[in-house]
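Engineer: Sharing input-v9.txt below, compact mmCIF, C-alpha atoms:
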```txt
# COMPACT_ATOMS: atom_id res chain seq x y z
CA ILE A 1 -19.02 4.61 10.13
CA ARG A 2 -15.34 3.79 9.61
CA THR A 3 -16.01 0.04 9.51
CA SER A 4 -18.86 0.50 7.03
CA GLY A 5 -16.64 2.70 4.89
CA GLU A 6 -13.93 0.05 4.84
CA VAL A 7 -16.43 -2.64 3.80
CA LEU A 8 -17.63 -0.39 0.98
CA ARG A 9 -14.05 0.34 -0.13
CA ARG A 10 -13.23 -3.37 -0.29
CA GLY A 11 -16.35 -4.05 -2.32
CA LEU A 12 -15.50 -1.27 -4.78
CA ASP A 13 -11.90 -2.51 -5.07
CA ASP A 14 -13.16 -6.01 -5.91
CA VAL A 15 -15.58 -4.75 -8.55
CA LEU A 16 -12.96 -2.48 -10.15
CA ASP A 17 -10.29 -5.19 -10.16
CA PHE A 18 -12.66 -7.74 -11.68
CA SER A 19 -13.78 -5.21 -14.28
CA LYS A 20 -10.18 -4.44 -15.27
CA ILE A 21 -9.28 -8.11 -15.55
CA ASP A 22 -12.47 -8.95 -17.46
CA SER A 23 -11.83 -6.19 -20.01
CA GLY A 24 -8.14 -7.02 -20.37
CA LYS A 25 -7.07 -3.66 -18.91
CA LEU A 26 -5.06 -5.03 -15.98
CA ASP A 27 -1.35 -5.55 -16.67
CA LEU A 28 1.10 -7.26 -14.34
CA VAL A 29 4.29 -5.47 -13.34
CA GLU A 30 7.66 -7.21 -13.82
CA ALA A 31 9.98 -5.95 -11.09
CA PRO A 32 12.38 -7.58 -8.61
CA PHE A 33 10.88 -8.31 -5.19
CA ASP A 34 11.70 -10.16 -1.99
CA LEU A 35 9.51 -13.28 -1.97
CA ARG A 36 9.90 -14.03 1.74
CA ALA A 37 9.11 -10.44 2.71
CA CYS A 38 6.04 -10.55 0.47
CA LEU A 39 4.70 -13.72 2.12
CA HIS A 40 5.54 -12.53 5.63
CA TRP A 41 3.51 -9.37 4.93
CA SER A 42 0.40 -11.35 3.94
CA PHE A 43 0.79 -13.70 6.90
CA GLU A 44 1.41 -11.04 9.56
CA LEU A 45 -1.52 -8.96 8.31
CA PHE A 46 -3.95 -11.49 9.81
CA ARG A 47 -1.99 -12.70 12.85
CA ASP A 48 -3.84 -10.40 15.27
CA ALA A 49 -7.25 -11.43 13.91
CA ALA A 50 -6.27 -15.08 14.34
CA ALA A 51 -5.00 -14.43 17.88
CA GLU A 52 -8.34 -12.86 18.82
CA LYS A 53 -9.99 -16.19 17.88
CA ASN A 54 -7.26 -18.21 19.66
CA LEU A 55 -6.16 -19.81 16.40
CA ALA A 56 -2.69 -21.26 16.00
CA CYS A 57 -0.82 -19.64 13.07
CA ARG A 58 2.14 -21.07 11.20
CA LEU A 59 4.18 -19.90 8.22
CA GLU A 60 6.46 -22.46 6.57
CA LEU A 61 8.91 -21.38 3.85
CA ASP A 62 10.99 -23.81 1.79
CA ASP A 63 14.74 -23.20 2.27
CA ARG A 64 15.18 -23.66 -1.49
CA LEU A 65 13.06 -20.62 -2.32
CA PRO A 66 15.04 -17.94 -4.19
CA SER A 67 15.67 -14.68 -2.34
CA TYR A 68 14.43 -12.43 -5.12
CA LEU A 69 12.04 -12.98 -7.99
CA MET A 70 10.90 -10.97 -10.99
CA GLY A 71 7.16 -10.45 -10.92
CA ASP A 72 4.25 -8.43 -9.54
CA ALA A 73 4.59 -8.45 -5.75
CA THR A 74 1.42 -6.39 -5.27
CA ARG A 75 -0.78 -8.91 -7.10
CA LEU A 76 0.90 -11.83 -5.34
CA ARG A 77 0.14 -10.18 -2.00
CA GLN A 78 -3.45 -9.66 -3.16
CA VAL A 79 -3.89 -13.39 -3.76
CA THR A 80 -2.15 -14.59 -0.58
CA SER A 81 -3.84 -12.03 1.66
CA ASN A 82 -7.26 -12.95 0.23
CA LEU A 83 -6.66 -16.62 0.99
CA MET A 84 -5.39 -15.81 4.49
CA SER A 85 -8.37 -13.53 5.12
CA ASN A 86 -10.80 -16.29 4.16
CA ALA A 87 -8.96 -18.89 6.23
CA VAL A 88 -9.13 -16.76 9.38
CA LYS A 89 -12.70 -15.61 8.68
CA PHE A 90 -14.12 -19.13 8.27
CA THR A 91 -12.12 -20.80 11.07
CA HIS A 92 -13.46 -20.62 14.63
CA GLN A 93 -11.10 -23.05 16.31
CA GLY A 94 -7.90 -24.86 15.42
CA SER A 95 -5.24 -23.42 13.14
CA VAL A 96 -4.31 -21.60 9.94
CA GLU A 97 -1.16 -22.39 8.00
CA MET A 98 0.57 -20.83 5.01
CA LYS A 99 3.23 -22.83 3.20
CA ALA A 100 5.45 -21.90 0.25
CA GLU A 101 7.79 -24.20 -1.63
CA LEU A 102 9.72 -24.51 -4.84
CA ALA A 103 7.75 -26.66 -7.28
CA GLY A 104 9.49 -28.58 -10.02
CA GLY A 105 13.08 -28.17 -8.81
CA PRO A 106 15.61 -25.68 -10.27
CA ALA A 107 14.58 -22.84 -12.53
CA GLN A 108 13.53 -23.84 -16.04
CA ASN A 109 14.20 -21.41 -18.91
CA GLY A 110 15.11 -18.73 -16.41
CA ARG A 111 11.86 -19.02 -14.45
CA TYR A 112 10.82 -20.61 -11.17
CA LEU A 113 7.54 -22.34 -10.41
CA ILE A 114 6.42 -21.55 -6.85
CA ARG A 115 3.65 -23.39 -4.98
CA ILE A 116 1.79 -21.68 -2.12
CA SER A 117 -0.92 -23.25 0.02
CA VAL A 118 -3.16 -21.91 2.78
CA ARG A 119 -4.74 -24.55 5.02
CA ASP A 120 -7.33 -24.07 7.77
CA THR A 121 -9.43 -26.15 10.13
CA GLY A 122 -12.57 -24.11 9.55
CA ILE A 123 -16.12 -24.80 8.44
CA GLY A 124 -15.08 -26.37 5.15
CA ILE A 125 -17.02 -26.55 1.90
CA PRO A 126 -19.59 -29.16 0.85
CA GLY A 127 -18.41 -31.21 -2.11
CA ASN A 128 -21.36 -30.22 -4.27
CA ARG A 129 -20.60 -26.51 -3.72
CA ILE A 130 -16.87 -26.37 -4.49
CA HIS A 131 -17.48 -25.66 -8.18
CA ARG A 132 -19.14 -22.36 -7.21
CA LEU A 133 -16.10 -20.95 -5.41
CA PHE A 134 -14.24 -19.38 -8.32
CA GLN A 135 -17.30 -18.07 -10.13
CA PRO A 136 -17.80 -14.27 -9.95
CA PHE A 137 -20.44 -12.94 -7.52
CA SER A 138 -20.86 -16.45 -6.14
CA GLN A 139 -20.54 -17.84 -2.62
CA VAL A 140 -21.02 -21.30 -1.13
CA ASP A 141 -24.66 -20.49 -0.33
CA ALA A 142 -26.87 -17.52 0.48
CA SER A 143 -26.21 -17.80 4.21
CA THR A 144 -22.47 -17.18 3.67
CA SER A 145 -23.04 -13.58 2.62
CA ARG A 146 -25.37 -12.94 5.56
CA SER A 147 -23.03 -14.49 8.12
CA TYR A 148 -19.62 -13.44 6.83
CA GLY A 149 -20.14 -10.64 4.31
CA GLY A 150 -18.19 -10.24 1.08
CA THR A 151 -18.98 -9.69 -2.59
CA GLY A 152 -18.26 -13.20 -3.89
CA LEU A 153 -15.53 -11.74 -6.12
CA GLY A 154 -12.39 -12.40 -4.08
CA LEU A 155 -11.68 -15.95 -5.22
CA ALA A 156 -12.74 -15.20 -8.80
CA ILE A 157 -10.16 -12.40 -8.87
CA CYS A 158 -7.53 -14.69 -7.31
CA LYS A 159 -8.15 -17.28 -10.04
CA ARG A 160 -7.75 -14.72 -12.81
CA LEU A 161 -4.58 -13.24 -11.26
CA VAL A 162 -2.99 -16.66 -10.74
CA GLU A 163 -3.70 -17.57 -14.36
CA MET A 164 -2.15 -14.28 -15.49
CA MET A 165 0.94 -15.23 -13.46
CA GLY A 166 1.23 -18.51 -15.36
CA GLY A 167 -0.21 -20.78 -12.68
CA GLU A 168 -3.38 -22.43 -11.49
CA ILE A 169 -5.38 -22.56 -8.27
CA ARG A 170 -7.34 -25.43 -6.73
CA VAL A 171 -9.05 -26.32 -3.45
CA GLU A 172 -9.51 -29.45 -1.35
CA SER A 173 -12.13 -29.41 1.36
CA ARG A 174 -14.71 -31.35 3.32
CA GLU A 175 -17.62 -29.80 5.14
CA GLY A 176 -16.70 -29.26 8.80
CA LYS A 177 -13.10 -30.42 8.19
CA GLY A 178 -11.44 -27.25 6.92
CA ALA A 179 -10.05 -26.35 3.50
CA THR A 180 -6.72 -26.13 1.68
CA PHE A 181 -6.29 -23.64 -1.14
CA GLU A 182 -3.21 -24.18 -3.27
CA PHE A 183 -1.89 -22.20 -6.22
CA THR A 184 1.22 -22.02 -8.34
CA PHE A 185 2.77 -19.09 -10.16
CA SER A 186 5.73 -18.57 -12.46
CA ALA A 187 8.35 -15.89 -11.79
CA GLY A 188 11.64 -14.90 -13.36
CA MET A 189 15.08 -15.07 -11.77
CA ALA A 190 16.37 -11.92 -10.08
CA ASP A 191 19.34 -13.13 -8.02
CA GLY A 192 21.60 -10.36 -6.85
CA VAL A 193 19.15 -7.65 -7.88
CA GLU A 194 18.01 -5.15 -5.29
CA PRO A 195 14.17 -5.00 -5.23
CA ALA A 196 12.83 -1.73 -6.53
CA GLY A 197 10.92 0.32 -3.97
CA GLU A 198 11.95 -1.79 -0.97
CA THR A 199 15.00 0.23 0.04
CA THR A 200 14.69 3.29 2.23
CA ARG A 201 16.98 6.21 1.46
CA SER A 202 18.01 8.28 4.46
CA TYR A 203 18.25 12.01 3.93
CA PRO A 204 21.71 13.37 4.91
CA GLU A 205 20.78 16.04 7.44
CA GLY A 206 17.21 14.98 8.19
CA LEU A 207 14.63 17.13 6.47
CA LYS A 208 12.17 18.79 8.83
CA VAL A 209 8.61 18.16 7.64
CA LEU A 210 5.27 19.31 9.02
CA VAL A 211 2.37 16.90 8.53
CA ALA A 212 -1.01 18.65 8.64
CA GLU A 213 -3.54 15.80 8.76
CA ASP A 214 -6.60 15.15 10.95
CA ASN A 215 -7.10 11.41 10.30
CA LYS A 216 -5.41 9.29 12.97
CA VAL A 217 -4.56 6.37 10.68
CA ASN A 218 -3.12 8.65 7.99
CA GLN A 219 -1.10 10.44 10.67
CA MET A 220 0.52 7.21 11.85
CA VAL A 221 1.26 5.97 8.34
CA ILE A 222 2.79 9.22 7.03
CA MET A 223 4.78 9.95 10.20
CA ARG A 224 6.22 6.42 10.14
CA MET A 225 7.18 6.74 6.46
CA LEU A 226 8.99 10.02 7.14
CA GLN A 227 10.77 8.65 10.19
CA LYS A 228 12.02 5.62 8.22
CA MET A 229 13.45 8.02 5.64
CA GLY A 230 15.37 9.86 8.36
CA CYS A 231 13.15 12.96 8.36
CA LYS A 232 12.18 14.95 11.44
CA ALA A 233 8.40 15.15 11.42
CA ASP A 234 6.01 17.38 13.38
CA LEU A 235 2.23 16.92 13.42
CA ALA A 236 -0.64 19.41 13.16
CA CYS A 237 -4.19 18.09 13.44
CA ASP A 238 -5.93 20.99 11.67
CA GLY A 239 -5.25 24.01 9.48
CA ALA A 240 -5.07 26.52 12.32
CA SER A 241 -2.40 24.45 14.10
CA ALA A 242 -0.45 24.13 10.85
CA ILE A 243 -0.40 27.91 10.41
CA ALA A 244 0.79 28.40 14.00
CA ARG A 245 3.58 25.86 13.59
CA VAL A 246 4.84 27.41 10.36
CA GLU A 247 4.86 30.83 12.05
CA THR A 248 7.13 29.63 14.86
CA ASN A 249 9.27 26.94 13.16
CA VAL A 250 11.39 26.52 10.05
CA TYR A 251 10.27 23.56 7.92
CA ASP A 252 11.72 22.16 4.72
CA MET A 253 8.29 21.04 3.55
CA VAL A 254 4.65 20.91 4.63
CA LEU A 255 2.35 17.99 3.78
CA MET A 256 -1.09 19.58 3.86
CA ASP A 257 -4.37 17.63 3.93
CA LEU A 258 -7.15 19.44 2.09
CA GLY A 259 -10.17 18.36 4.13
CA MET A 260 -9.44 19.37 7.74
CA PRO A 261 -11.97 20.75 10.25
CA GLY A 262 -12.10 24.49 10.80
CA VAL A 263 -9.42 25.94 8.56
CA ASP A 264 -9.00 23.61 5.59
CA GLY A 265 -5.78 22.96 3.67
CA LEU A 266 -6.44 25.46 0.89
CA ASP A 267 -7.24 28.28 3.32
CA ALA A 268 -4.24 27.41 5.51
CA THR A 269 -1.96 27.49 2.45
CA GLY A 270 -3.27 30.93 1.45
CA ARG A 271 -2.56 32.32 4.93
CA ILE A 272 0.94 30.84 4.95
CA ARG A 273 1.70 32.39 1.56
CA ARG A 274 0.70 35.81 2.96
CA MET A 275 3.08 35.54 5.92
CA PRO A 276 5.99 38.01 6.05
CA GLY A 277 9.53 36.71 5.56
CA THR A 278 10.74 33.33 4.40
CA GLN A 279 7.97 31.35 6.15
CA SER A 280 5.76 32.15 3.16
CA CYS A 281 8.14 30.28 0.84
CA VAL A 282 7.94 26.85 2.50
CA PRO A 283 7.09 24.19 -0.13
CA ILE A 284 3.58 22.84 0.47
CA VAL A 285 2.43 19.50 -0.93
CA ALA A 286 -1.28 18.70 -0.84
CA LEU A 287 -2.61 15.41 0.52
CA THR A 288 -5.86 14.57 -1.23
CA ALA A 289 -8.11 11.60 -1.86
CA SER A 290 -8.95 13.04 -5.29
CA ALA A 291 -6.45 13.27 -8.15
CA SER A 292 -8.78 15.11 -10.56
CA ASN A 293 -7.55 18.02 -12.67
CA GLU A 294 -10.03 20.30 -10.90
CA VAL A 295 -8.53 19.53 -7.48
CA ARG A 296 -5.00 19.88 -8.88
CA THR A 297 -5.85 23.32 -10.29
CA ARG A 298 -7.34 24.46 -6.98
CA CYS A 299 -4.25 23.28 -5.09
CA LEU A 300 -1.85 25.17 -7.35
CA ALA A 301 -4.07 28.26 -7.40
CA ALA A 302 -3.99 28.32 -3.59
CA GLY A 303 -0.18 28.38 -3.67
CA MET A 304 0.65 24.72 -3.23
CA ASN A 305 3.63 23.28 -5.08
CA ASP A 306 2.54 19.69 -5.63
CA TYR A 307 0.01 17.10 -4.50
CA LEU A 308 0.00 13.46 -3.40
CA SER A 309 -3.01 11.18 -3.77
CA LYS A 310 -4.19 9.04 -0.86
CA PRO A 311 -3.46 6.36 0.08
CA ILE A 312 0.08 7.74 0.11
CA ASP A 313 2.62 5.71 -1.84
CA VAL A 314 6.09 5.64 -0.29
CA GLU A 315 7.82 6.14 -3.64
CA ALA A 316 5.59 9.14 -4.46
CA LEU A 317 6.39 10.63 -1.05
CA ARG A 318 10.11 10.09 -1.65
CA ARG A 319 9.90 11.85 -5.01
CA ALA A 320 8.13 14.81 -3.41
CA LEU A 321 10.88 15.06 -0.78
CA ASP A 322 13.55 14.97 -3.49
CA ARG A 323 11.73 17.59 -5.57
CA TRP A 324 10.80 20.10 -2.89
CA GLY A 325 12.58 19.26 0.37
CA TYR A 326 15.90 20.84 -0.55
CA CYS A 327 14.79 24.29 -1.70
CA ARG A 328 14.04 25.63 1.77
CA SER A 329 17.49 25.96 3.38
CA PRO A 330 21.10 25.26 2.39
CA ARG A 331 21.97 21.60 2.83
CA VAL A 332 23.40 18.61 1.03
CA SER A 333 21.17 17.46 -1.83
CA PRO A 334 20.28 13.80 -2.40
CA HIS A 335 23.19 13.74 -4.89
CA GLY A 336 25.73 14.98 -2.35
CA VAL A 337 25.97 18.54 -3.74
CA GLU A 338 25.69 21.47 -1.35
CA GLU A 339 22.90 23.77 -2.46
CA GLY A 340 21.52 27.09 -1.34
CA GLY A 341 17.80 27.31 -0.74
CA CYS A 342 15.08 29.81 0.06
CA GLY A 343 16.72 30.51 3.39
CA GLU A 344 19.56 32.28 1.56
CA LEU A 345 17.49 33.90 -1.18
CA ALA A 346 15.17 36.85 -1.22
CA PRO A 347 11.54 35.68 -0.90
CA CYS A 348 10.72 36.83 -4.42
CA GLN A 349 13.23 34.33 -5.84
CA CYS A 350 11.00 31.51 -4.60
CA ASP A 351 8.20 32.63 -6.92
CA GLU A 352 9.71 30.73 -9.85
CA LEU A 353 9.58 27.47 -7.89
CA LEU A 354 6.00 28.10 -6.82
CA ALA A 355 4.93 28.95 -10.34
CA LYS A 356 6.38 25.75 -11.76
CA GLY A 357 4.09 23.58 -9.63
CA PRO A 358 4.50 19.80 -9.72
CA GLU A 359 6.21 19.90 -13.13
```
Could the structure of this file be written out as structure tokens, please?
Structural biologist:
Amino acid sequence: IRTSGEVLRRGLDDVLDFSKIDSGKLDLVEAPFDLRACLHWSFELFRDAAAEKNLACRLELDDRLPSYLMGDATRLRQVTSNLMSNAVKFTHQGSVEMKAELAGGPAQNGRYLIRISVRDTGIGIPGNRIHRLFQPFSQVDASTSRSYGGTGLGLAICKRLVEMMGGEIRVESREGKGATFEFTFSAGMADGVEPAGETTRSYPEGLKVLVAEDNKVNQMVIMRMLQKMGCKADLACDGASAIARVETNVYDMVLMDLGMPGVDGLDATGRIRRMPGTQSCVPIVALTASASNEVRTRCLAAGMNDYLSKPIDVEALRRALDRWGYCRSPRVSPHGVEEGGCGELAPCQCDELLAKGPE
């Protein structure tokens, strides 16, 4: 069920991305990012899959590559990970290689031209079929979809994204001899600039956070995010366990999944709000796969302070910690100012915070 769900999610993502690009609704973000870290991420993502097939993997980065660039790291990762995914998928023996180099020498007009290639020793592509590769909803032949899956949109999306980034993409291949996909993209200079969203702030005294979440993958991701931020995180796998933990522990914040077995997140929040003493004042942030106004209203009506949409974004989680994590007990705020919290106030004084909600 989980594998089928993931296949469906990928298909929907492809269709939505292609639709946005086709209608001109997709805009690239210009922000500083670490190029090497971006490429390492795409490469490492498929290392285990390659190892399972006994494929040799190699990543080669030009020493002349700038440390930081201005551009859309998310869309660059989308292109490189798609090419790596295809290389591993269609290669049954031999190797897969990703290579990045500076094309055209020093920056021109404040911008670099970067060339990235992904080479494999896989099944290759017949010469009379190469023209089909970058067409939407098209694959090499009908048997490709049956044998390997996919929507036939991945490379079409890559082509559009590369063109939006001021570059071009091409392929060289022979049937049975592997393939090499190569693309260029243009990016601005960002030397000496710290990449936005890639630093991890540590919270001075270590906020204590309860994560109420039943999905194993979500548990690992959220717990790891909190640990990297210096938080102390406990885990509850259902609503009843979350209630019990709040009764016997003091938390600075609770991250509460809505759809848990038994006692769900909304019911658990209601019971916590009815607890005697300061336990009832703990800030509760909903974790939900839906960001609709209806769900938001239900969360706030149940007594929650805020909500985060899944998949959880690290910056959104950090903002929630900054907004709600320091109103539980006296501690040093993110700005270095000592503040009193609910632990020093009468419970009724927390009502104003609860009433404000995510605003």
Engineer: Select, from A:Val118, A:Met275, A:Met256, A:Ala51, the residue with the minimum atom-to-atom distance to Asp306 of chain A, counting all atoms listed in the file.
Structural biologist: A:Met256
Engineer: Could you pull the residues within 12 Å of Val246 of chain A, counting all atoms listed in the file, minus those fewer than 3 positions along the same chain, as a PDB file with C-alpha atoms, in the coordinates of the input?
Structural biologist:
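As written to disk, selection-v7.pdb reads:
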```pdb
ATOM      1  CA  LYS A 208      12.170  18.790   8.830  1.00  0.00           C
ATOM      2  CA  VAL A 209       8.610  18.160   7.640  1.00  0.00           C
ATOM      3  CA  LEU A 210       5.270  19.310   9.020  1.00  0.00           C
ATOM      4  CA  VAL A 211       2.370  16.900   8.530  1.00  0.00           C
ATOM      5  CA  ALA A 212      -1.010  18.650   8.640  1.00  0.00           C
ATOM      6  CA  ASP A 234       6.010  17.380  13.380  1.00  0.00           C
ATOM      7  CA  LEU A 235       2.230  16.920  13.420  1.00  0.00           C
ATOM      8  CA  ALA A 236      -0.640  19.410  13.160  1.00  0.00           C
ATOM      9  CA  GLY A 239      -5.250  24.010   9.480  1.00  0.00           C
ATOM     10  CA  ALA A 240      -5.070  26.520  12.320  1.00  0.00           C
ATOM     11  CA  SER A 241      -2.400  24.450  14.100  1.00  0.00           C
ATOM     12  CA  ALA A 242      -0.450  24.130  10.850  1.00  0.00           C
ATOM     13  CA  ILE A 243      -0.400  27.910  10.410  1.00  0.00           C
ATOM     14  CA  ASN A 249       9.270  26.940  13.160  1.00  0.00           C
ATOM     15  CA  VAL A 250      11.390  26.520  10.050  1.00  0.00           C
ATOM     16  CA  TYR A 251      10.270  23.560   7.920  1.00  0.00           C
ATOM     17  CA  ASP A 252      11.720  22.160   4.720  1.00  0.00           C
ATOM     18  CA  MET A 253       8.290  21.040   3.550  1.00  0.00           C
ATOM     19  CA  VAL A 254       4.650  20.910   4.630  1.00  0.00           C
ATOM     20  CA  LEU A 255       2.350  17.990   3.780  1.00  0.00           C
ATOM     21  CA  MET A 256      -1.090  19.580   3.860  1.00  0.00           C
ATOM     22  CA  ALA A 268      -4.240  27.410   5.510  1.00  0.00           C
ATOM     23  CA  THR A 269      -1.960  27.490   2.450  1.00  0.00           C
ATOM     24  CA  ARG A 271      -2.560  32.320   4.930  1.00  0.00           C
ATOM     25  CA  ILE A 272       0.940  30.840   4.950  1.00  0.00           C
ATOM     26  CA  ARG A 273       1.700  32.390   1.560  1.00  0.00           C
ATOM     27  CA  ARG A 274       0.700  35.810   2.960  1.00  0.00           C
ATOM     28  CA  MET A 275       3.080  35.540   5.920  1.00  0.00           C
ATOM     29  CA  PRO A 276       5.990  38.010   6.050  1.00  0.00           C
ATOM     30  CA  GLY A 277       9.530  36.710   5.560  1.00  0.00           C
ATOM     31  CA  THR A 278      10.740  33.330   4.400  1.00  0.00           C
ATOM     32  CA  GLN A 279       7.970  31.350   6.150  1.00  0.00           C
ATOM     33  CA  SER A 280       5.760  32.150   3.160  1.00  0.00           C
ATOM     34  CA  CYS A 281       8.140  30.280   0.840  1.00  0.00           C
ATOM     35  CA  VAL A 282       7.940  26.850   2.500  1.00  0.00           C
ATOM     36  CA  PRO A 283       7.090  24.190  -0.130  1.00  0.00           C
ATOM     37  CA  ILE A 284       3.580  22.840   0.470  1.00  0.00           C
TER      38      ILE A 284
END
```
Engineer: Looking at all atoms listed in the file, which of A:Pro32, A:Pro311, A:Gly206, A:Gly262 is the one that sits closest to Tyr326 of chain A?
Structural biologist: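 Smallest distance to Tyr326 of chain A is found for A:Gly206.
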Engineer: Smallest atom-to-atom distance to Cys38 of chain A: which of A:Ala289, A:Ile1, A:Val79, A:Leu321, using only C-alpha atoms?
Structural biologist: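 Among the listed residues, the smallest separation from Cys38 of chain A belongs to A:Val79.
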Engineer: Go through A:Ser117, A:Gly176, A:Arg75, A:Gly94 and flag the residue nearest Asn54 of chain A, using only C-alpha atoms for the distances.
Structural biologist: A:Gly94
Engineer: Enumerate, as number ranges by chain, the protein, DNA and RNA residues whose atoms approach (-2.7, -26.4, 11.3) to within 7 Å, taking into account all atoms listed in the file and the coordinate frame of the file.
Structural biologist: A: 56, 94-97, 119-121
Engineer: I'd like the interatomic distance between atom CA of Ile116 of chain A and atom CA of Phe90 of chain A, to a tenth of an Å.
Structural biologist: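 Between these atoms lies a distance of 19.2 Å.
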Engineer: Counting all atoms listed in the file, which residue out of A:Arg64, A:Arg319, A:Lys216, A:Arg129 sits closest to Ala103 of chain A?
Structural biologist: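 Counting all atoms listed in the file, the residue closest to Ala103 of chain A is A:Arg64.
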Engineer: For Met70 of chain A, find every residue with an atom within 6 Å (counting only C-alpha atoms), except residues of its own chain fewer than 6 positions away, and show them as a ChimeraX atom specification.
Structural biologist: /A:30-32,187-190
Engineer: Quick one, how far is atom CA of Glu213 of chain A from atom CA of Trp41 of chain A?
Structural biologist: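 Separation of atom CA of Glu213 of chain A and atom CA of Trp41 of chain A: 26.4 Å.
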Engineer: Which of these residues is nearest to Leu83 of chain A, using all atoms listed in the file: A:Arg224, A:Arg298, A:Lys20, A:Arg170?
Structural biologist: A:Arg170
Engineer: For Ser309 of chain A, work out the shell of residues within 9 Å, counting all atoms listed in the file and skipping chain neighbours fewer than 5 positions away, then give it as an NGL selection string.
Structural biologist: :A and (286-291 or 316)
Engineer: Separation of atom CA of Gly167 of chain A and atom CA of Ser42 of chain A, in Å?
Structural biologist: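 These two atoms are separated by 19.1 Å.
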